[in-house]
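With PDB, C-alpha atoms, pLDDT in the B column inside, this is data_21.pdb:
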```
ATOM      1  CA  MET A   1     172.015  81.397  12.908  1.00 46.00           C
ATOM      2  CA  LYS A   2     169.984  78.797  14.746  1.00 46.00           C
ATOM      3  CA  THR A   3     171.536  76.185  12.494  1.00 57.00           C
ATOM      4  CA  LEU A   4     175.071  76.970  13.632  1.00 54.00           C
ATOM      5  CA  PRO A   5     174.758  75.632  17.176  1.00 53.00           C
ATOM      6  CA  SER A   6     173.180  72.463  15.822  1.00 52.00           C
ATOM      7  CA  ILE A   7     175.999  71.946  13.342  1.00 56.00           C
ATOM      8  CA  LEU A   8     178.668  72.611  15.963  1.00 57.00           C
ATOM      9  CA  PHE A   9     176.927  70.253  18.354  1.00 50.00           C
ATOM     10  CA  LEU A  10     176.821  67.593  15.636  1.00 57.00           C
ATOM     11  CA  LEU A  11     180.505  68.031  14.860  1.00 55.00           C
ATOM     12  CA  SER A  12     181.416  67.899  18.542  1.00 59.00           C
ATOM     13  CA  SER A  13     179.355  64.759  18.947  1.00 53.00           C
ATOM     14  CA  LEU A  14     181.091  63.149  15.976  1.00 57.00           C
ATOM     15  CA  LEU A  15     184.451  64.037  17.489  1.00 56.00           C
ATOM     16  CA  PHE A  16     183.636  62.062  20.600  1.00 52.00           C
ATOM     17  CA  MET A  17     182.017  59.137  18.766  1.00 56.00           C
ATOM     18  CA  GLY A  18     183.795  55.820  18.812  1.00 57.00           C
ATOM     19  CA  CYS A  19     185.133  53.667  21.614  1.00 53.00           C
ATOM     20  CA  GLY A  20     188.659  55.038  21.620  1.00 59.00           C
ATOM     21  CA  THR A  21     188.155  58.759  21.014  1.00 68.00           C
ATOM     22  CA  VAL A  22     187.853  59.850  24.642  1.00 68.00           C
ATOM     23  CA  ALA A  23     190.837  57.694  25.604  1.00 73.00           C
ATOM     24  CA  ALA A  24     192.772  59.120  22.636  1.00 72.00           C
ATOM     25  CA  LEU A  25     192.203  62.657  23.911  1.00 73.00           C
ATOM     26  CA  LYS A  26     193.822  61.628  27.199  1.00 79.00           C
ATOM     27  CA  GLN A  27     196.715  60.002  25.331  1.00 84.00           C
ATOM     28  CA  PRO A  28     197.047  61.841  22.009  1.00 85.00           C
ATOM     29  CA  PHE A  29     200.345  60.181  21.067  1.00 88.00           C
ATOM     30  CA  THR A  30     201.485  56.588  20.760  1.00 88.00           C
ATOM     31  CA  ARG A  31     205.050  55.325  20.946  1.00 87.00           C
ATOM     32  CA  SER A  32     206.453  52.314  19.121  1.00 86.00           C
ATOM     33  CA  THR A  33     209.931  50.812  18.998  1.00 85.00           C
ATOM     34  CA  ASN A  34     211.600  48.339  16.697  1.00 82.00           C
ATOM     35  CA  ALA A  35     215.058  46.797  16.785  1.00 77.00           C
ATOM     36  CA  VAL A  36     217.084  47.005  13.577  1.00 77.00           C
ATOM     37  CA  PRO A  37     219.839  44.363  13.266  1.00 80.00           C
ATOM     38  CA  VAL A  38     223.292  45.689  12.428  1.00 74.00           C
ATOM     39  CA  VAL A  39     226.027  43.175  11.609  1.00 78.00           C
ATOM     40  CA  VAL A  40     229.455  44.224  12.860  1.00 71.00           C
ATOM     41  CA  THR A  41     232.656  42.441  11.836  1.00 78.00           C
ATOM     42  CA  VAL A  42     235.122  42.107  14.693  1.00 71.00           C
ATOM     43  CA  PRO A  43     238.601  41.927  13.127  1.00 75.00           C
ATOM     44  CA  GLY A  44     240.875  39.009  13.871  1.00 75.00           C
ATOM     45  CA  SER A  45     244.055  39.376  15.872  1.00 77.00           C
ATOM     46  CA  THR A  46     247.512  37.830  15.970  1.00 81.00           C
ATOM     47  CA  ASN A  47     249.354  37.615  19.266  1.00 80.00           C
ATOM     48  CA  VAL A  48     253.067  36.802  19.105  1.00 83.00           C
ATOM     49  CA  VAL A  49     254.983  35.935  22.277  1.00 84.00           C
ATOM     50  CA  THR A  50     258.759  35.729  21.807  1.00 87.00           C
ATOM     51  CA  ARG A  51     260.891  33.590  24.131  1.00 87.00           C
ATOM     52  CA  GLU A  52     264.676  33.816  24.046  1.00 89.00           C
ATOM     53  CA  VAL A  53     266.725  30.864  25.331  1.00 87.00           C
ATOM     54  CA  PRO A  54     270.295  31.913  26.206  1.00 88.00           C
ATOM     55  CA  THR A  55     273.448  29.983  25.373  1.00 89.00           C
ATOM     56  CA  VAL A  56     274.276  27.312  27.953  1.00 87.00           C
ATOM     57  CA  THR A  57     277.818  26.113  28.609  1.00 87.00           C
ATOM     58  CA  ASN A  58     278.403  22.913  30.568  1.00 86.00           C
ATOM     59  CA  SER A  59     281.860  21.939  31.780  1.00 85.00           C
ATOM     60  CA  VAL A  60     282.453  18.355  32.958  1.00 83.00           C
ATOM     61  CA  SER A  61     285.733  17.103  34.461  1.00 84.00           C
ATOM     62  CA  GLN A  62     286.916  13.850  32.929  1.00 81.00           C
ATOM     63  CA  SER A  63     288.730  11.012  34.732  1.00 81.00           C
ATOM     64  CA  ASP A  64     291.896  11.740  32.804  1.00 81.00           C
ATOM     65  CA  GLY A  65     292.034  15.253  34.148  1.00 78.00           C
ATOM     66  CA  THR A  66     290.649  16.961  31.068  1.00 83.00           C
ATOM     67  CA  ILE A  67     287.532  19.082  30.927  1.00 84.00           C
ATOM     68  CA  ALA A  68     284.770  18.385  28.410  1.00 83.00           C
ATOM     69  CA  VAL A  69     282.925  21.495  27.432  1.00 82.00           C
ATOM     70  CA  THR A  70     279.442  21.284  25.912  1.00 87.00           C
ATOM     71  CA  VAL A  71     277.975  24.462  24.451  1.00 85.00           C
ATOM     72  CA  THR A  72     274.226  24.627  23.739  1.00 87.00           C
ATOM     73  CA  PRO A  73     273.604  27.579  21.437  1.00 86.00           C
ATOM     74  CA  GLY A  74     270.873  29.991  22.304  1.00 85.00           C
ATOM     75  CA  TYR A  75     267.753  30.301  20.186  1.00 87.00           C
ATOM     76  CA  THR A  76     264.490  32.217  19.932  1.00 91.00           C
ATOM     77  CA  THR A  77     260.994  30.762  19.774  1.00 89.00           C
ATOM     78  CA  ASN A  78     257.742  32.469  18.884  1.00 87.00           C
ATOM     79  CA  PHE A  79     254.346  31.413  20.158  1.00 83.00           C
ATOM     80  CA  VAL A  80     251.637  32.685  17.841  1.00 84.00           C
ATOM     81  CA  THR A  81     247.955  32.834  18.756  1.00 80.00           C
ATOM     82  CA  ILE A  82     245.598  33.701  15.917  1.00 81.00           C
ATOM     83  CA  THR A  83     241.977  34.738  16.505  1.00 77.00           C
ATOM     84  CA  PRO A  84     239.947  34.663  13.285  1.00 81.00           C
ATOM     85  CA  PRO A  85     237.583  37.537  12.431  1.00 79.00           C
ATOM     86  CA  ARG A  86     233.975  37.014  13.411  1.00 73.00           C
ATOM     87  CA  SER A  87     230.623  38.644  12.781  1.00 76.00           C
ATOM     88  CA  VAL A  88     228.459  39.917  15.604  1.00 69.00           C
ATOM     89  CA  THR A  89     224.882  41.157  15.284  1.00 72.00           C
ATOM     90  CA  ASN A  90     224.049  44.258  17.284  1.00 71.00           C
ATOM     91  CA  TYR A  91     220.608  45.830  17.440  1.00 73.00           C
ATOM     92  CA  LEU A  92     219.813  49.523  17.150  1.00 75.00           C
ATOM     93  CA  THR A  93     216.492  50.673  18.548  1.00 79.00           C
ATOM     94  CA  ASN A  94     214.331  53.004  16.478  1.00 84.00           C
ATOM     95  CA  VAL A  95     211.691  54.986  18.349  1.00 85.00           C
ATOM     96  CA  VAL A  96     208.666  56.470  16.571  1.00 88.00           C
ATOM     97  CA  VAL A  97     206.083  58.731  18.233  1.00 90.00           C
ATOM     98  CA  SER A  98     202.836  59.058  16.257  1.00 90.00           C
ATOM     99  CA  VAL A  99     199.490  60.745  16.645  1.00 89.00           C
ATOM    100  CA  ASN A 100     197.024  58.357  18.246  1.00 88.00           C
ATOM    101  CA  PRO A 101     195.174  56.743  15.296  1.00 87.00           C
ATOM    102  CA  ALA A 102     191.829  57.054  17.110  1.00 83.00           C
ATOM    103  CA  LEU A 103     192.290  60.802  17.580  1.00 82.00           C
ATOM    104  CA  GLU A 104     193.487  61.298  14.014  1.00 85.00           C
ATOM    105  CA  SER A 105     190.491  59.361  12.721  1.00 82.00           C
ATOM    106  CA  ALA A 106     188.090  61.465  14.802  1.00 80.00           C
ATOM    107  CA  LEU A 107     189.575  64.721  13.523  1.00 80.00           C
ATOM    108  CA  ASN A 108     189.411  63.475   9.945  1.00 82.00           C
ATOM    109  CA  THR A 109     185.760  62.539  10.544  1.00 78.00           C
ATOM    110  CA  VAL A 110     185.032  66.088  11.650  1.00 76.00           C
ATOM    111  CA  GLN A 111     186.622  67.402   8.453  1.00 78.00           C
ATOM    112  CA  THR A 112     184.599  64.983   6.344  1.00 78.00           C
ATOM    113  CA  VAL A 113     181.281  65.882   7.955  1.00 75.00           C
ATOM    114  CA  ASN A 114     182.172  69.568   7.819  1.00 72.00           C
ATOM    115  CA  GLN A 115     182.047  69.383   4.018  1.00 76.00           C
ATOM    116  CA  PHE A 116     178.261  69.262   4.376  1.00 72.00           C
ATOM    117  CA  ASN A 117     178.121  72.174   6.816  1.00 70.00           C
ATOM    118  CA  PRO A 118     175.974  74.860   5.127  1.00 71.00           C
ATOM    119  CA  THR A 119     176.843  77.594   7.607  1.00 69.00           C
ATOM    120  CA  PRO A 120     179.644  80.200   7.316  1.00 74.00           C
ATOM    121  CA  SER A 121     181.488  78.387  10.096  1.00 72.00           C
ATOM    122  CA  ALA A 122     182.531  75.540   7.758  1.00 75.00           C
ATOM    123  CA  PRO A 123     185.767  77.128   6.452  1.00 83.00           C
ATOM    124  CA  PHE A 124     186.858  78.073   9.972  1.00 81.00           C
ATOM    125  CA  ILE A 125     186.226  74.570  11.264  1.00 76.00           C
ATOM    126  CA  ASN A 126     188.130  73.086   8.329  1.00 81.00           C
ATOM    127  CA  VAL A 127     191.112  75.414   8.932  1.00 87.00           C
ATOM    128  CA  ALA A 128     191.047  74.629  12.640  1.00 83.00           C
ATOM    129  CA  MET A 129     191.035  70.856  12.044  1.00 82.00           C
ATOM    130  CA  THR A 130     193.829  71.123   9.439  1.00 88.00           C
ATOM    131  CA  ALA A 131     195.929  73.233  11.789  1.00 90.00           C
ATOM    132  CA  LEU A 132     195.269  70.864  14.681  1.00 86.00           C
ATOM    133  CA  LEU A 133     196.280  67.805  12.638  1.00 88.00           C
ATOM    134  CA  GLY A 134     199.387  69.600  11.367  1.00 90.00           C
ATOM    135  CA  GLY A 135     200.328  70.722  14.865  1.00 91.00           C
ATOM    136  CA  LEU A 136     199.880  67.225  16.278  1.00 89.00           C
ATOM    137  CA  GLY A 137     202.000  65.779  13.462  1.00 90.00           C
ATOM    138  CA  TRP A 138     204.771  68.334  14.044  1.00 93.00           C
ATOM    139  CA  PHE A 139     204.731  67.697  17.787  1.00 90.00           C
ATOM    140  CA  ALA A 140     204.886  63.927  17.188  1.00 90.00           C
ATOM    141  CA  ARG A 141     207.951  64.354  14.957  1.00 91.00           C
ATOM    142  CA  MET A 142     209.619  66.528  17.600  1.00 91.00           C
ATOM    143  CA  LYS A 143     208.902  63.938  20.306  1.00 89.00           C
ATOM    144  CA  THR A 144     210.293  61.239  17.981  1.00 88.00           C
ATOM    145  CA  ARG A 145     213.575  63.121  17.628  1.00 88.00           C
ATOM    146  CA  GLN A 146     213.814  63.635  21.385  1.00 87.00           C
ATOM    147  CA  ALA A 147     213.040  59.990  22.157  1.00 85.00           C
ATOM    148  CA  GLN A 148     215.499  58.754  19.512  1.00 85.00           C
ATOM    149  CA  ALA A 149     218.237  61.045  20.845  1.00 85.00           C
ATOM    150  CA  ALA A 150     217.707  59.699  24.363  1.00 82.00           C
ATOM    151  CA  THR A 151     217.751  56.118  23.059  1.00 80.00           C
ATOM    152  CA  ASP A 152     220.918  56.734  21.024  1.00 75.00           C
ATOM    153  CA  SER A 153     222.647  58.209  24.076  1.00 77.00           C
ATOM    154  CA  SER A 154     221.659  55.236  26.218  1.00 74.00           C
ATOM    155  CA  GLU A 155     222.805  52.751  23.576  1.00 70.00           C
ATOM    156  CA  GLN A 156     226.087  54.635  23.187  1.00 71.00           C
ATOM    157  CA  HIS A 157     226.734  54.326  26.917  1.00 69.00           C
ATOM    158  CA  GLN A 158     225.903  50.615  26.745  1.00 72.00           C
ATOM    159  CA  SER A 159     228.290  50.288  23.806  1.00 71.00           C
ATOM    160  CA  TYR A 160     231.075  51.886  25.861  1.00 67.00           C
ATOM    161  CA  ALA A 161     230.339  49.493  28.728  1.00 72.00           C
ATOM    162  CA  ARG A 162     230.439  46.479  26.391  1.00 71.00           C
ATOM    163  CA  LEU A 163     233.713  47.678  24.874  1.00 69.00           C
ATOM    164  CA  MET A 164     235.347  48.174  28.278  1.00 74.00           C
ATOM    165  CA  ALA A 165     234.155  44.786  29.551  1.00 73.00           C
ATOM    166  CA  LEU A 166     235.438  42.998  26.449  1.00 70.00           C
ATOM    167  CA  ALA A 167     238.762  44.833  26.625  1.00 71.00           C
ATOM    168  CA  ILE A 168     239.219  43.747  30.244  1.00 72.00           C
ATOM    169  CA  GLU A 169     238.358  40.157  29.366  1.00 70.00           C
ATOM    170  CA  GLU A 170     240.719  40.034  26.398  1.00 68.00           C
ATOM    171  CA  SER A 171     243.568  41.640  28.331  1.00 66.00           C
ATOM    172  CA  LYS A 172     243.865  38.437  30.416  1.00 69.00           C
ATOM    173  CA  SER A 173     245.095  40.593  33.287  1.00 73.00           C
ATOM    174  CA  ALA A 174     244.316  38.941  36.608  1.00 76.00           C
ATOM    175  CA  GLU A 175     245.233  42.144  38.457  1.00 79.00           C
ATOM    176  CA  THR A 176     242.810  44.261  36.423  1.00 78.00           C
ATOM    177  CA  LYS A 177     240.006  41.735  36.834  1.00 78.00           C
ATOM    178  CA  ALA A 178     240.633  41.594  40.590  1.00 79.00           C
ATOM    179  CA  SER A 179     240.432  45.402  40.819  1.00 80.00           C
ATOM    180  CA  VAL A 180     237.153  45.459  38.874  1.00 78.00           C
ATOM    181  CA  ALA A 181     235.714  42.693  41.066  1.00 79.00           C
ATOM    182  CA  LYS A 182     236.740  44.571  44.218  1.00 80.00           C
ATOM    183  CA  LEU A 183     235.176  47.834  43.059  1.00 78.00           C
ATOM    184  CA  SER A 184     232.043  46.043  41.891  1.00 77.00           C
ATOM    185  CA  ALA A 185     231.656  44.365  45.277  1.00 80.00           C
ATOM    186  CA  ALA A 186     232.087  47.737  46.995  1.00 80.00           C
ATOM    187  CA  VAL A 187     229.435  49.355  44.786  1.00 75.00           C
ATOM    188  CA  GLY A 188     227.102  46.386  45.261  1.00 80.00           C
ATOM    189  CA  ASN A 189     226.488  45.344  41.656  1.00 74.00           C
ATOM    190  CA  ALA A 190     228.793  42.316  41.500  1.00 77.00           C
ATOM    191  CA  PRO A 191     226.066  39.791  40.475  1.00 80.00           C
ATOM    192  CA  GLU A 192     224.753  42.084  37.735  1.00 77.00           C
ATOM    193  CA  LEU A 193     228.260  42.794  36.435  1.00 74.00           C
ATOM    194  CA  HIS A 194     229.106  39.101  36.383  1.00 76.00           C
ATOM    195  CA  ALA A 195     225.948  38.303  34.409  1.00 79.00           C
ATOM    196  CA  PHE A 196     226.664  41.191  32.019  1.00 75.00           C
ATOM    197  CA  VAL A 197     230.241  40.063  31.338  1.00 75.00           C
ATOM    198  CA  GLN A 198     229.183  36.417  31.039  1.00 75.00           C
ATOM    199  CA  GLY A 199     226.573  37.354  28.457  1.00 73.00           C
ATOM    200  CA  LEU A 200     229.141  39.357  26.492  1.00 67.00           C
ATOM    201  CA  THR A 201     231.778  36.633  26.467  1.00 67.00           C
ATOM    202  CA  ASP A 202     229.210  34.043  25.406  1.00 66.00           C
ATOM    203  CA  ARG A 203     227.976  36.334  22.655  1.00 61.00           C
ATOM    204  CA  PHE A 204     231.439  37.142  21.297  1.00 57.00           C
ATOM    205  CA  LYS A 205     232.844  33.620  21.449  1.00 58.00           C
ATOM    206  CA  PRO A 206     233.970  32.368  18.029  1.00 53.00           C
ATOM    207  CA  LYS A 207     231.341  30.034  16.690  1.00 53.00           C
ATOM    208  CA  PRO A 208     232.571  26.521  15.767  1.00 52.00           C
ATOM    209  CA  ALA A 209     232.901  25.918  12.053  1.00 48.00           C
TER
END
```

Now, as a test, write the supplied structure out as structure tokens.
Amino acid sequence: MKTLPSILFLLSSLLFMGCGTVAALKQPFTRSTNAVPVVVTVPGSTNVVTREVPTVTNSVSQSDGTIAVTVTPGYTTNFVTITPPRSVTNYLTNVVVSVNPALESALNTVQTVNQFNPTPSAPFINVAMTALLGGLGWFARMKTRQAQAATDSSEQHQSYARLMALAIEESKSAETKASVAKLSAAVGNAPELHAFVQGLTDRFKPKPA
């Protein structure tokens, strides 16, 4: 039984060996993000403005006492504006939470050294390390789902904001733009809103052929 404390001390020492092990215990999880490009096709649009010109009748008195009547028939004109379809690249953010590699390496080291543990404690230590690694992995996956859900919600809200800003810009309504500017000035985010809309309009401008 005197060997058991020595073995446990050795395993504990191995757990804390390495430059990053102690720091890994304080921060057992790491978080990484990567942006995945998603190409979205914005459909083209056709805007038709119809103008109707009514019939015009001009009556002119002549020197001989007669009246000359000129009739200009009415007609309809259409002004057509065509916006071609265009491709826009959006970016979706993927978030991954993982077990700190330094901590995972230390726990694996304990399992490796435990293979040479001659005492009855070896199976219990091995089960404990396996359970700890499995628990850390499960918790990391759960934190990944939570972080991704929060990121998706934030990106969805940003998508709504982009859609509303683009809709206001494409409506060409001076009254609507004036109302937005007034409310933005009242809230106090006018400069940020202007920069946001400017970035959107620059991004969604049709690229020259």

Residues selected by the PyMOL selection byres ((chain A and resi 97) around 6), written as a list in words: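 Against this file, the PyMOL selection byres ((chain A and resi 97) around 6) returns the residues Thr30, Arg31, Val96, Ser98, Ala140 and Thr144 of chain A.
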
Mind dumping a table of every stretch 34-93 of chain A residue within 10 Å of stretch 145-167 of chain A, with the nearest atom pair and its distance in Å to one decimal, using all atoms listed in the file, sorted by chain and rising number, as a Markdown table?
```
| residue | atom | partner | partner_atom | distance |
| --- | --- | --- | --- | --- |
| A:Asn90 | CA | A:Ser159 | CA | 9.8 |
| A:Tyr91 | CA | A:Glu155 | CA | 9.5 |
| A:Leu92 | CA | A:Glu155 | CA | 7.8 |
| A:Thr93 | CA | A:Thr151 | CA | 7.2 |
```

Check which residues satisfy the PyMOL selection byres ((chain A and resi 117-131) around 8) in the file shown, then give them as a ChimeraX atom specification. /A:3-4,7,107-108,110-111,113-116,132-135

Have a look at atom CA of A:Lys177 and atom CA of A:Thr81 and let me know their distance in Å, one decimal.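 Straight-line distance from atom CA of A:Lys177 to atom CA of A:Thr81 works out to 21.7 Å.
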
Write out as a PyMOL selection string the residues lying within 8 Å of A:Pro85, counting only C-alpha atoms and excluding same-chain residues fewer than 4 positions away. chain A and resi 41-45

Hey, could you pull the box centre and edge lengths for stretch 158-167 of chain A, axis-aligned, 6 Å padding per side, all listed atoms, to one decimal in Å, as JSON?
```
{"center_x": 232.3, "center_y": 47.4, "center_z": 26.7, "size_x": 24.9, "size_y": 20.9, "size_z": 17.7}
```

Have a look at atom CA of A:Val180 and atom CA of A:Val197 and let me know their distance in Å, one decimal.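 Separating atom CA of A:Val180 from atom CA of A:Val197 is a distance of 11.6 Å.
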
Provide the atom CA of A:Thr46 to atom CA of A:Leu193 distance in Å, to one decimal place.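 Atom-to-atom, atom CA of A:Thr46 to atom CA of A:Leu193, that is 28.5 Å.
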
Ranking A:Arg51, A:Arg86, A:Lys26, A:Arg141 by minimum distance to A:Ala102 and counting all atoms listed in the file, which one comes first?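 Among the listed residues, the smallest separation from A:Ala102 belongs to A:Lys26.
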
Selected residue of minimal separation from A:Thr50 among A:Val80, A:Ala106, A:Ala190, A:Ala35, counting only C-alpha atoms: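 So, comparing all the options, the nearest one is A:Val80.
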
Can you give me, as a list in words, the residues this file yields under the PyMOL selection byres ((chain A and resi 100) around 8)?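 Given this file, the PyMOL selection byres ((chain A and resi 100) around 8) evaluates to Ala24, Gln27, Pro28, Phe29, Thr30, Ser98, Val99, Pro101, Ala102, Leu103 and Glu104 of chain A.
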